[in-house]
file protein-v5.tsv (TSV, C-alpha atoms)
chain	number	residue	atom	x	y	z
I	1232	MET	CA	175.52	112.99	206.39
I	1233	ALA	CA	175.78	115.10	203.28
I	1234	LYS	CA	178.13	118.03	203.31
I	1235	THR	CA	176.70	121.39	202.39
I	1236	VAL	CA	178.77	123.60	200.19
I	1237	LYS	CA	178.74	127.20	201.25
I	1238	LYS	CA	178.73	129.71	198.41
I	1239	THR	CA	181.13	132.59	198.82
I	1240	ALA	CA	180.07	136.00	197.74
I	1241	THR	CA	181.96	137.06	194.66
I	1242	LYS	CA	183.37	140.52	194.86
I	1243	LYS	CA	182.50	142.88	192.01
I	1244	LYS	CA	185.40	144.23	190.03
I	1245	PRO	CA	185.66	148.02	190.44
I	1246	VAL	CA	184.65	150.04	187.41
I	1247	ARG	CA	187.37	152.45	186.40
I	1248	ARG	CA	186.41	155.73	184.74
I	1249	GLU	CA	188.90	158.14	183.20
I	1250	ASN	CA	188.77	161.75	184.33
I	1251	THR	CA	187.28	163.89	181.58
I	1252	LYS	CA	188.34	167.46	180.89
I	1253	ALA	CA	185.06	168.56	182.51
I	1254	ASP	CA	185.92	166.56	185.67
I	1255	VAL	CA	189.32	168.24	185.90
I	1256	LYS	CA	187.79	171.67	185.32
I	1257	GLU	CA	185.23	171.05	188.07
I	1258	LEU	CA	187.94	169.79	190.44
I	1259	ARG	CA	189.99	172.96	189.87
I	1260	ALA	CA	186.91	175.13	190.48
I	1261	HIS	CA	186.13	173.34	193.75
I	1262	SER	CA	189.74	173.68	194.84
I	1263	LYS	CA	189.60	177.43	194.27
I	1264	ALA	CA	186.26	177.64	196.14
I	1265	LYS	CA	187.78	175.63	199.04
I	1266	THR	CA	184.98	173.03	198.97
I	1267	PRO	CA	185.47	170.10	201.41
I	1268	VAL	CA	186.67	166.90	199.73
I	1269	ALA	CA	183.72	164.85	201.03
I	1270	GLU	CA	181.29	167.23	199.33
I	1271	ILE	CA	183.25	167.18	196.04
I	1272	ALA	CA	183.26	163.37	196.13
I	1273	LYS	CA	179.47	163.26	196.33
I	1274	LEU	CA	179.05	165.79	193.52
I	1275	ILE	CA	181.54	164.17	191.12
I	1276	LYS	CA	180.62	160.61	192.23
I	1277	ARG	CA	184.17	159.52	192.94
I	1278	SER	CA	185.96	158.48	196.10
I	1279	GLU	CA	187.82	161.00	198.23
I	1280	GLY	CA	191.04	159.10	197.66
I	1281	SER	CA	190.74	159.25	193.89
I	1282	LEU	CA	190.09	163.00	194.02
I	1283	ARG	CA	193.10	163.55	196.26
I	1284	GLN	CA	195.32	161.49	193.93
I	1285	LYS	CA	194.15	163.43	190.87
I	1286	ALA	CA	194.67	166.75	192.65
I	1287	LEU	CA	198.18	165.66	193.63
I	1288	LYS	CA	199.02	164.83	190.00
I	1289	LEU	CA	197.57	168.15	188.82
I	1290	GLY	CA	199.45	170.05	191.51
I	1291	ILE	CA	196.36	171.61	193.07
I	1292	ARG	CA	195.29	171.63	196.71
I	1293	LEU	CA	192.16	170.06	198.19
I	1294	GLY	CA	190.62	170.02	201.65
I	1295	HIS	CA	191.24	173.53	202.94
I	1296	GLN	CA	189.41	173.06	206.25
I	1297	ARG	CA	192.29	173.56	208.72

call {"tool": "encode", "arguments": {"input": "protein-v5.tsv", "output": "structure tokens"}}
result
Amino acid sequence: MAKTVKKTATKKKPVRRENTKADVKELRAHSKAKTPVAEIAKLIKRSEGSLRQKALKLGIRLGHQR
């Protein structure tokens, strides 16, 4: 009997994009408008986690839904 070799799916390497000045400006505006993080993530096309990390570094608050 011949052995069959199973191919494993190769995982794509994540593409890293730097935050532009426009991205930061938009993030600050959404913070001031108290937009939910999930909605900002869809608009800016970044993950919620990355937005939260950037906001933390900038010293601004996100997710004012409490």

call {"tool": "residues_around", "arguments": {"input": "protein-v5.tsv", "residues": "stretch 1273-1278 of chain I", "least_positions_apart": "6", "cutoff": "9 Å", "atoms": "only C-alpha atoms", "output": "PDB file with C-alpha atoms, keeping the file's coordinate frame"}}
result
ATOM      1  CA  ASP I1254     185.920 166.560 185.670  1.00  0.00           C
ATOM      2  CA  GLU I1257     185.230 171.050 188.070  1.00  0.00           C
ATOM      3  CA  LEU I1258     187.940 169.790 190.440  1.00  0.00           C
TER       4      LEU I1258
END

call {"tool": "atom_distance", "arguments": {"input": "protein-v5.tsv", "atom1": "atom CA of I:Glu1270", "atom2": "atom CA of I:Pro1245"}}
result
21.6 Å

call {"tool": "atom_distance", "arguments": {"input": "protein-v5.tsv", "atom1": "atom CA of I:Arg1247", "atom2": "atom CA of I:Ile1271"}}
result
18.1 Å

call {"tool": "atom_distance", "arguments": {"input": "protein-v5.tsv", "atom1": "atom CA of I:Leu1282", "atom2": "atom CA of I:Thr1241"}}
result
27.2 Å

call {"tool": "residues_around", "arguments": {"input": "protein-v5.tsv", "residues": "I:Pro1267", "least_positions_apart": "4", "cutoff": "12 Å", "atoms": "only C-alpha atoms", "output": "PyMOL selection string"}}
result
chain I and resi 1258+1261-1263+1271-1274+1279+1282-1283+1292-1297

call {"tool": "decode", "arguments": {"input": "protein-v5.tsv", "residues": "stretch 1246-1282 of chain I", "atoms": "C-alpha atoms", "output": "PDB file, in the first residue's frame"}}
result
ATOM      1  CA  VAL I1246       0.273  42.084   6.656  1.00  0.00           C
ATOM      2  CA  ARG I1247       1.355  44.889   8.945  1.00  0.00           C
ATOM      3  CA  ARG I1248       0.359  48.455   8.100  1.00  0.00           C
ATOM      4  CA  GLU I1249       1.655  51.511   9.922  1.00  0.00           C
ATOM      5  CA  ASN I1250      -0.890  53.956  11.291  1.00  0.00           C
ATOM      6  CA  THR I1251      -0.917  57.087   9.165  1.00  0.00           C
ATOM      7  CA  LYS I1252      -1.560  60.559  10.545  1.00  0.00           C
ATOM      8  CA  ALA I1253      -5.025  60.356   8.978  1.00  0.00           C
ATOM      9  CA  ASP I1254      -5.707  57.068  10.840  1.00  0.00           C
ATOM     10  CA  VAL I1255      -4.717  58.651  14.151  1.00  0.00           C
ATOM     11  CA  LYS I1256      -6.835  61.729  13.439  1.00  0.00           C
ATOM     12  CA  GLU I1257      -9.842  59.531  12.619  1.00  0.00           C
ATOM     13  CA  LEU I1258      -9.287  57.444  15.765  1.00  0.00           C
ATOM     14  CA  ARG I1259      -9.246  60.594  17.920  1.00  0.00           C
ATOM     15  CA  ALA I1260     -12.443  61.844  16.253  1.00  0.00           C
ATOM     16  CA  HIS I1261     -14.231  58.536  16.884  1.00  0.00           C
ATOM     17  CA  SER I1262     -13.059  58.555  20.486  1.00  0.00           C
ATOM     18  CA  LYS I1263     -14.543  62.003  20.989  1.00  0.00           C
ATOM     19  CA  ALA I1264     -17.795  60.918  19.290  1.00  0.00           C
ATOM     20  CA  LYS I1265     -17.918  57.809  21.544  1.00  0.00           C
ATOM     21  CA  THR I1266     -18.235  55.418  18.587  1.00  0.00           C
ATOM     22  CA  PRO I1267     -18.195  51.690  19.540  1.00  0.00           C
ATOM     23  CA  VAL I1268     -14.853  49.977  18.860  1.00  0.00           C
ATOM     24  CA  ALA I1269     -16.435  47.315  16.626  1.00  0.00           C
ATOM     25  CA  GLU I1270     -17.811  50.017  14.342  1.00  0.00           C
ATOM     26  CA  ILE I1271     -14.472  51.880  14.213  1.00  0.00           C
ATOM     27  CA  ALA I1272     -12.705  48.618  13.333  1.00  0.00           C
ATOM     28  CA  LYS I1273     -14.953  48.097  10.310  1.00  0.00           C
ATOM     29  CA  LEU I1274     -14.506  51.688   9.127  1.00  0.00           C
ATOM     30  CA  ILE I1275     -10.716  51.799   9.509  1.00  0.00           C
ATOM     31  CA  LYS I1276     -10.290  48.125   8.463  1.00  0.00           C
ATOM     32  CA  ARG I1277      -8.216  47.128  11.473  1.00  0.00           C
ATOM     33  CA  SER I1278      -8.820  44.724  14.328  1.00  0.00           C
ATOM     34  CA  GLU I1279     -10.390  45.888  17.578  1.00  0.00           C
ATOM     35  CA  GLY I1280      -7.263  44.856  19.442  1.00  0.00           C
ATOM     36  CA  SER I1281      -4.981  46.951  17.263  1.00  0.00           C
ATOM     37  CA  LEU I1282      -7.228  49.990  17.726  1.00  0.00           C
TER      38      LEU I1282
END
